[in-house]
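Report on the following structure.
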Amino acid sequence: MQIPVRHVAGNVIWTTQGTCWAVWRVEGSGHAQSSRTVKERRMHALEALIKQLRGEAMLLSLCPQLSPAAVVRRMTDGIDLAASERYAQLVNRVWDQLEQLELTGRADWLAVPLPAGGRRQAAAMALSAARADVALQMGLLPAPVSGREELRRLTQAREMAAGWPSTIALRPASEAEILWIYGHSARRGVPEPLLPEPGEDAVRSAVRGAAALGQVILAEGAAPADADPTTSAAAAGRFGRRWLQVSTAWGESYQTFLALSEMPARFVFPGSEYLAVLDEFSFPVDWVMRLKVTPGDVAEAKARRQAREVAGQPEEYAGETAGVPSRVLEAAEDMDDYRSALTASKSEVEVQAMGALCVWGTTPAETEARAADLITHFAGGDYTFTRPLGEQERLFYGMLPGARTPKVMAGYAQVLLARDFAMAGAFAGSELGDAHGPLYGLALAGGGTRPVLTDWTLGPRRSASASAAFIGELGSGKSVAMKAAVYYVLAAGRRAGVPGSRGRAVMVDRTPQQEWLRFAQACPGATQVIRVDDRAQVSLDPLRAINDPRQAQRRTESFLTLLLGIAPMEDQGVVLSEAIEAVLGTSTPSMAALIDELTSRGRADATAAAVARKLASVARKDLSRSVFDPNLPVVDTARADSVVFSVANLALPKEHELAADRLAKLEFEKSFGRAALYLIAALCREICFADPNEFALAVWDEVWWLTSSPEGEALLLELVRDGRKHSAGVLAASHDGNDIGSSTSDTGQIIRGLFPRKHLFRQRDVALAKRGLTFLDLDPDDAELVELVTSGLSPVDASDEIRVQRAGECLHRDLYGRIGGMQVVIPPDEAAAAAIHSDPAAVA
């Protein structure tokens, strides 16, 4: 294998042919599953970039191999494993599972040859490259590239990139990344070097580094030495073996290359993103697009000559009784349209696109099967990929930056406009999730398996919110996703070098099956259960439980005005507020003391007497014991890692009962349930904000019960807004995004905007699916996205086996605003996994 590299400095390659190439790393946009508007914006950005290029260019997209060990290192980075025994055990199980998967990512690159600057300089570079080659052949050390030449070329590359549109995020590739490209190309299918992290560079060894990468044997059509002669791959004969055997010190793999030979006559967008579709296969696919970009005015002159030839073709059929074939007339019309487009704008260019795909496997049969999948898939869209016999090795070199464009690729060149090429969807891939954190899910698109790591504690450390929202229909997987997040916060919350750090979760369990309580008890750490009913063991009296007098005043007023059905600014509300303030000024504030204070004031004030009578009536009911019984000890949650408020016996009003004309007629049980849940939410805030060294999550499944009142909605806004400053976050779930934050109110809009992480699970109702897409800031009128949400995520009409395999699929918007498909992974902890489901069969 001949590596076309003589020297590397920064992002510039000096090739063995006497040319210089500059390489940039392209940041993927993650728009493959975005709305039409986002796709069009990305297409226009790519079109603008193509119009700025001149001459030769190379778009390269590779699938780097991910090591299970590297994933595990990212899962454990910054975590005190000595204090997290169950998480350490879980990581070992994850490692074993990842060993069975083909882990990949996607890295995109743009490579452009730098202009020589004149014939004299071009000749000098060619001569220098020839001298270096002769020196190597004679076993001599070639003359190095001078520092002055390096500086000139690096400056040239920097100035070139400065003229490109900023809508495509580019950064200069590092030397380590450039050398990785060549190492990856030679070692597809066998253990390969890991793609260097940004900022990580290799030792500069201009010739020796490249020479080491060239220790590879390429054998076109070769079969394994121990191959079974009866297999189809071995018996295919030399003319049927359209693959390349690549032998390295790390093993053998089989690569096959498919050249793009035909394309549709016209493109429809969206729908023509054949490069973006490559991430939807279950195996990794590398691709390259070599371009020759010609200014429109230059290309139009050539097109004019072709138009004359096409215009004369009908005369050849003058004596034909059947007339002129329609294809001839269509060709003339297409040529006219093409010439018109070339001259419509001064910035228009002609793009000769030469594309190739690469798939690989450990055996020829595996490689053949993958190639057949690609060919069959694209044949339905009038895209033809061929595997030219005897050209596999040349196509291999065609995917290397700095190598000459093979003639076989030039023979398949497709002539396009910049817009037509941009419709292919290049650079659509993107990473999903965080750089470090527990393994929360697997990306649905990506070729092979791409892990999605999520560090729930990262938001506050990045000056962002730690809150997350989960939307989906019943049984779609949102509760399981929330529980997985809670598990990882509890299991991996102790940070190395941070004394007193831990992860905490506060949950409100309204289910009769006590599913959240069962799950919390199966998670790492100590669990405290707080029952809110006639069997309560601790007091939730806000005057006793909340230490901050201002917070105690606010929470007690809101709780009691909800409970008693009085308006805060009416006479009774004012009297209640004054009495609460007076009680808080004493040494032992409590609800019992508040009743006494109101009774005392009632001797001279009829309004106070009426409030005292209402409050005493409430205190006598057994359901109110958890708040009004002065003999119960005050709730103390400091020691517990997870706190569960068990409120299955609390009744809540229906949505239609919350109308203003019906609130006064509510049964006491529902009035108390509504007020008690607000009080519990306020206590959740106190627990989460108690210690900034601890990361805490407030978990509210079916959050509509909290946001159904203005007080509850305001409390949710406060918790989400102030959580970052107190190292806390909110997990909120419901069937409709409007339950988390109404799209018609200012407060609701703010709440929706403050949730950076969002998850949309299956919604078979079209109206709810559209509202869910709006919640993710996607286009609700995009037919493809609506179909994906209603029938493409965790389908219910599939077989039992398929339903189990595809459970937990969702559209995920991560902390950085990137959107992609993801399948939530249940933590491989036997105890937690057994308690994570809420369906009747699992509970039984």
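Letters A, B, ... mark the chains of the structure tokens in the order given; residue numbers begin at 1 per chain; ligand numbers begin at 1, in order shown.
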
### Message
Could you list, as a list in words, every residue within 10 Å of Ser185 (chain A), counting only C-alpha atoms and ignoring same-chain residues fewer than 5 positions away?
### Response
Leu62, Pro64, Trp180, Glu192, Leu213, Val246, Gln255, Asp286, Cys358, Phe396, Tyr397, Met399 and Leu400 of chain A

Dump of N, CA and C atoms for the selected residues, as a PDB file, in the first residue's frame:
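Result saved to selection.pdb:
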```pdb
ATOM      1  N   LEU A  62     -16.295   9.212   7.185  1.00  0.00           N
ATOM      2  CA  LEU A  62     -15.799   7.918   7.657  1.00  0.00           C
ATOM      3  C   LEU A  62     -16.478   7.544   8.973  1.00  0.00           C
ATOM      4  N   PRO A  64     -15.585   5.974  12.282  1.00  0.00           N
ATOM      5  CA  PRO A  64     -14.525   5.501  13.174  1.00  0.00           C
ATOM      6  C   PRO A  64     -15.025   4.398  14.101  1.00  0.00           C
ATOM      7  N   TRP A 180      -4.820   9.462  11.208  1.00  0.00           N
ATOM      8  CA  TRP A 180      -5.862   8.483  11.524  1.00  0.00           C
ATOM      9  C   TRP A 180      -6.658   8.108  10.278  1.00  0.00           C
ATOM     10  N   GLU A 192      -8.656  -0.935  14.924  1.00  0.00           N
ATOM     11  CA  GLU A 192      -8.041   0.231  14.305  1.00  0.00           C
ATOM     12  C   GLU A 192      -7.697   1.269  15.362  1.00  0.00           C
ATOM     13  N   LEU A 213       2.099   3.529   8.356  1.00  0.00           N
ATOM     14  CA  LEU A 213       0.724   3.244   7.964  1.00  0.00           C
ATOM     15  C   LEU A 213       0.658   2.456   6.662  1.00  0.00           C
ATOM     16  N   VAL A 246      -7.605  -6.872   2.444  1.00  0.00           N
ATOM     17  CA  VAL A 246      -6.657  -5.960   3.075  1.00  0.00           C
ATOM     18  C   VAL A 246      -6.022  -6.697   4.251  1.00  0.00           C
ATOM     19  N   GLN A 255     -12.893  -5.394   1.960  1.00  0.00           N
ATOM     20  CA  GLN A 255     -13.559  -4.139   1.654  1.00  0.00           C
ATOM     21  C   GLN A 255     -14.051  -4.179   0.212  1.00  0.00           C
ATOM     22  N   ASP A 286     -18.673   4.015   4.765  1.00  0.00           N
ATOM     23  CA  ASP A 286     -17.832   5.178   4.445  1.00  0.00           C
ATOM     24  C   ASP A 286     -18.197   5.677   3.056  1.00  0.00           C
ATOM     25  N   CYS A 358     -18.007   2.613   0.576  1.00  0.00           N
ATOM     26  CA  CYS A 358     -17.181   1.489   1.017  1.00  0.00           C
ATOM     27  C   CYS A 358     -17.861   0.790   2.189  1.00  0.00           C
ATOM     28  N   PHE A 396     -10.054   2.232  -3.715  1.00  0.00           N
ATOM     29  CA  PHE A 396      -9.513   2.336  -2.361  1.00  0.00           C
ATOM     30  C   PHE A 396      -8.655   3.600  -2.240  1.00  0.00           C
ATOM     31  N   TYR A 397      -7.756   3.821  -3.200  1.00  0.00           N
ATOM     32  CA  TYR A 397      -6.922   5.013  -3.167  1.00  0.00           C
ATOM     33  C   TYR A 397      -7.737   6.278  -3.422  1.00  0.00           C
ATOM     34  N   MET A 399     -10.318   7.116  -2.029  1.00  0.00           N
ATOM     35  CA  MET A 399     -10.880   7.610  -0.775  1.00  0.00           C
ATOM     36  C   MET A 399      -9.808   8.170   0.156  1.00  0.00           C
ATOM     37  N   LEU A 400      -8.580   8.353  -0.352  1.00  0.00           N
ATOM     38  CA  LEU A 400      -7.495   8.881   0.461  1.00  0.00           C
ATOM     39  C   LEU A 400      -7.198  10.325   0.073  1.00  0.00           C
TER      40      LEU A 400
END
```

### Task
Please provide the set of residues having any atom within 9 Å of Met289 (chain A), restricted to only C-alpha atoms, with same-chain residues fewer than 3 positions apart removed, written as JSON, numbers by chain.
{"A": [57, 58, 59, 60, 61, 353, 354, 355, 356, 399]}

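The closest residue to Pro827 (chain A), picked from A:Val94, A:Leu768, A:Ala492, A:Met507 and counting only C-alpha atoms, is A:Val94.
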
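Minimum atom-to-atom distance to Phe755 (chain A), evaluated using only C-alpha atoms, belongs to A:Gly729 out of A:Gly729, A:Pro710, A:Pro438, A:Gly390.
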
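Using only C-alpha atoms, the nearest neighbour of Tyr488 (chain A) within the list A:Ala520, A:Cys810, A:Ile530, A:Ala640 is A:Ala520.
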
Can you build me a table of region 32-121 of chain A residues sitting at most 12 Å from region 454-470 of chain A, with the closest atom pair per residue and its distance in Å to one decimal, using only C-alpha atoms, sorted by chain and residue number, as a Markdown table?
```
| residue | atom | partner | partner_atom | distance |
| --- | --- | --- | --- | --- |
| A:Arg74 | CA | A:Asp455 | CA | 10.2 |
| A:Met75 | CA | A:Asp455 | CA | 8.8 |
| A:Thr76 | CA | A:Asp455 | CA | 10.7 |
| A:Asp77 | CA | A:Asp455 | CA | 10.5 |
| A:Gly78 | CA | A:Asp455 | CA | 10.8 |
| A:Ile79 | CA | A:Asp455 | CA | 11.0 |
```

### Neighbour list for Ala831 (chain A) as an MDAnalysis selection string, cut-off 10 Å, only C-alpha atoms, skip fewer than 6 positions in-chain
chainID A and resid 519 521:524

### Message
Using DSSP assignments from the backbone, pull out every residue in region 526-591 of chain A that falls under alpha helix (DSSP H) and give it to me as a PyMOL selection string.
### Response
chain A and resi 542-545+549-564+571-584+591

Who sits within 8 Å of Leu584 (chain A), only C-alpha atoms, same chain under 3 positions skipped, as a JSON list (two decimals) with N, CA and C atoms, in the first residue's frame:
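Saved file result11.json follows:
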```json
[["chain", "number", "residue", "atom", "x", "y", "z"],
["A", 543, "LEU", "N", -44.84, 25.15, 58.01],
["A", 543, "LEU", "CA", -44.34, 26.07, 59.02],
["A", 543, "LEU", "C", -43.25, 25.43, 59.87],
["A", 549, "PRO", "N", -37.86, 31.57, 56.53],
["A", 549, "PRO", "CA", -39.16, 32.19, 56.84],
["A", 549, "PRO", "C", -39.88, 32.73, 55.60],
["A", 553, "GLN", "N", -43.46, 31.36, 54.48],
["A", 553, "GLN", "CA", -44.60, 32.25, 54.32],
["A", 553, "GLN", "C", -45.27, 32.03, 52.98],
["A", 580, "ILE", "N", -50.13, 34.10, 59.46],
["A", 580, "ILE", "CA", -48.95, 33.28, 59.18],
["A", 580, "ILE", "C", -47.68, 34.03, 59.52],
["A", 581, "GLU", "N", -47.62, 35.30, 59.17],
["A", 581, "GLU", "CA", -46.43, 36.11, 59.48],
["A", 581, "GLU", "C", -46.23, 36.21, 60.99],
["A", 587, "SER", "N", -41.22, 31.25, 68.34],
["A", 587, "SER", "CA", -40.14, 30.25, 68.39],
["A", 587, "SER", "C", -40.58, 28.88, 67.91],
["A", 588, "THR", "N", -41.88, 28.57, 67.94],
["A", 588, "THR", "CA", -42.37, 27.24, 67.53],
["A", 588, "THR", "C", -43.55, 27.38, 66.57],
["A", 589, "PRO", "N", -43.29, 27.81, 65.33],
["A", 589, "PRO", "CA", -44.41, 27.93, 64.39],
["A", 589, "PRO", "C", -44.93, 26.56, 63.97]]
```

### Message
as a PyMOL selection string, please: every residue in region 440-569 of chain A that DSSP puts in strand (DSSP E).
### Response
chain A and resi 440-443+451-453+468-471+503-509+527-531

### Query
Got a sec: who's within 8 Å of Ala403 (chain A), counting only C-alpha atoms, leaving out chain neighbours fewer than 5 positions off, as a PyMOL selection string?
chain A and resi 4+15+397-398

Can I get the selection written as a PDB file, in the first residue's frame, with all heavy atoms?
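Saved as again.pdb:
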```pdb
ATOM      1  N   PRO A   4      -0.056   8.251  -0.063  1.00  0.00           N
ATOM      2  CA  PRO A   4       0.333   9.421  -0.854  1.00  0.00           C
ATOM      3  C   PRO A   4       0.754  10.611  -0.003  1.00  0.00           C
ATOM      4  O   PRO A   4       0.422  11.753  -0.324  1.00  0.00           O
ATOM      5  CB  PRO A   4      -0.935   9.720  -1.650  1.00  0.00           C
ATOM      6  CG  PRO A   4      -2.034   9.292  -0.760  1.00  0.00           C
ATOM      7  CD  PRO A   4      -1.527   8.091  -0.003  1.00  0.00           C
ATOM      8  N   THR A  15       2.079  15.847  -0.652  1.00  0.00           N
ATOM      9  CA  THR A  15       1.884  14.521  -1.222  1.00  0.00           C
ATOM     10  C   THR A  15       3.119  14.078  -2.002  1.00  0.00           C
ATOM     11  O   THR A  15       4.017  14.880  -2.319  1.00  0.00           O
ATOM     12  CB  THR A  15       0.669  14.501  -2.158  1.00  0.00           C
ATOM     13  OG1 THR A  15       0.993  15.227  -3.365  1.00  0.00           O
ATOM     14  CG2 THR A  15      -0.533  15.148  -1.500  1.00  0.00           C
ATOM     15  N   TYR A 397      -7.756   3.821  -3.200  1.00  0.00           N
ATOM     16  CA  TYR A 397      -6.922   5.013  -3.167  1.00  0.00           C
ATOM     17  C   TYR A 397      -7.737   6.278  -3.422  1.00  0.00           C
ATOM     18  O   TYR A 397      -7.363   7.365  -2.977  1.00  0.00           O
ATOM     19  CB  TYR A 397      -5.801   4.896  -4.195  1.00  0.00           C
ATOM     20  CG  TYR A 397      -4.694   3.968  -3.759  1.00  0.00           C
ATOM     21  CD1 TYR A 397      -4.514   2.737  -4.377  1.00  0.00           C
ATOM     22  CD2 TYR A 397      -3.833   4.320  -2.722  1.00  0.00           C
ATOM     23  CE1 TYR A 397      -3.496   1.874  -3.971  1.00  0.00           C
ATOM     24  CE2 TYR A 397      -2.820   3.470  -2.314  1.00  0.00           C
ATOM     25  CZ  TYR A 397      -2.654   2.241  -2.937  1.00  0.00           C
ATOM     26  OH  TYR A 397      -1.664   1.399  -2.523  1.00  0.00           O
ATOM     27  N   GLY A 398      -8.863   6.126  -4.138  1.00  0.00           N
ATOM     28  CA  GLY A 398      -9.702   7.291  -4.388  1.00  0.00           C
ATOM     29  C   GLY A 398     -10.333   7.871  -3.141  1.00  0.00           C
ATOM     30  O   GLY A 398     -10.820   9.003  -3.158  1.00  0.00           O
TER      31      GLY A 398
END
```

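Take CA of Glu718 (chain A) and CA of Gly437 (chain A): the distance between them is 26.9 Å.
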
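Computed from the coordinates, the CA of Leu416 (chain A) to CA of Pro401 (chain A) distance equals 22.5 Å.
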
### Task
Excluding Val611 (chain A) and residues on its chain fewer than 5 positions from it, collect all residues at most 8 Å away from it, counting only C-alpha atoms, and give them as a PyMOL selection string.
chain A and resi 572+576+598
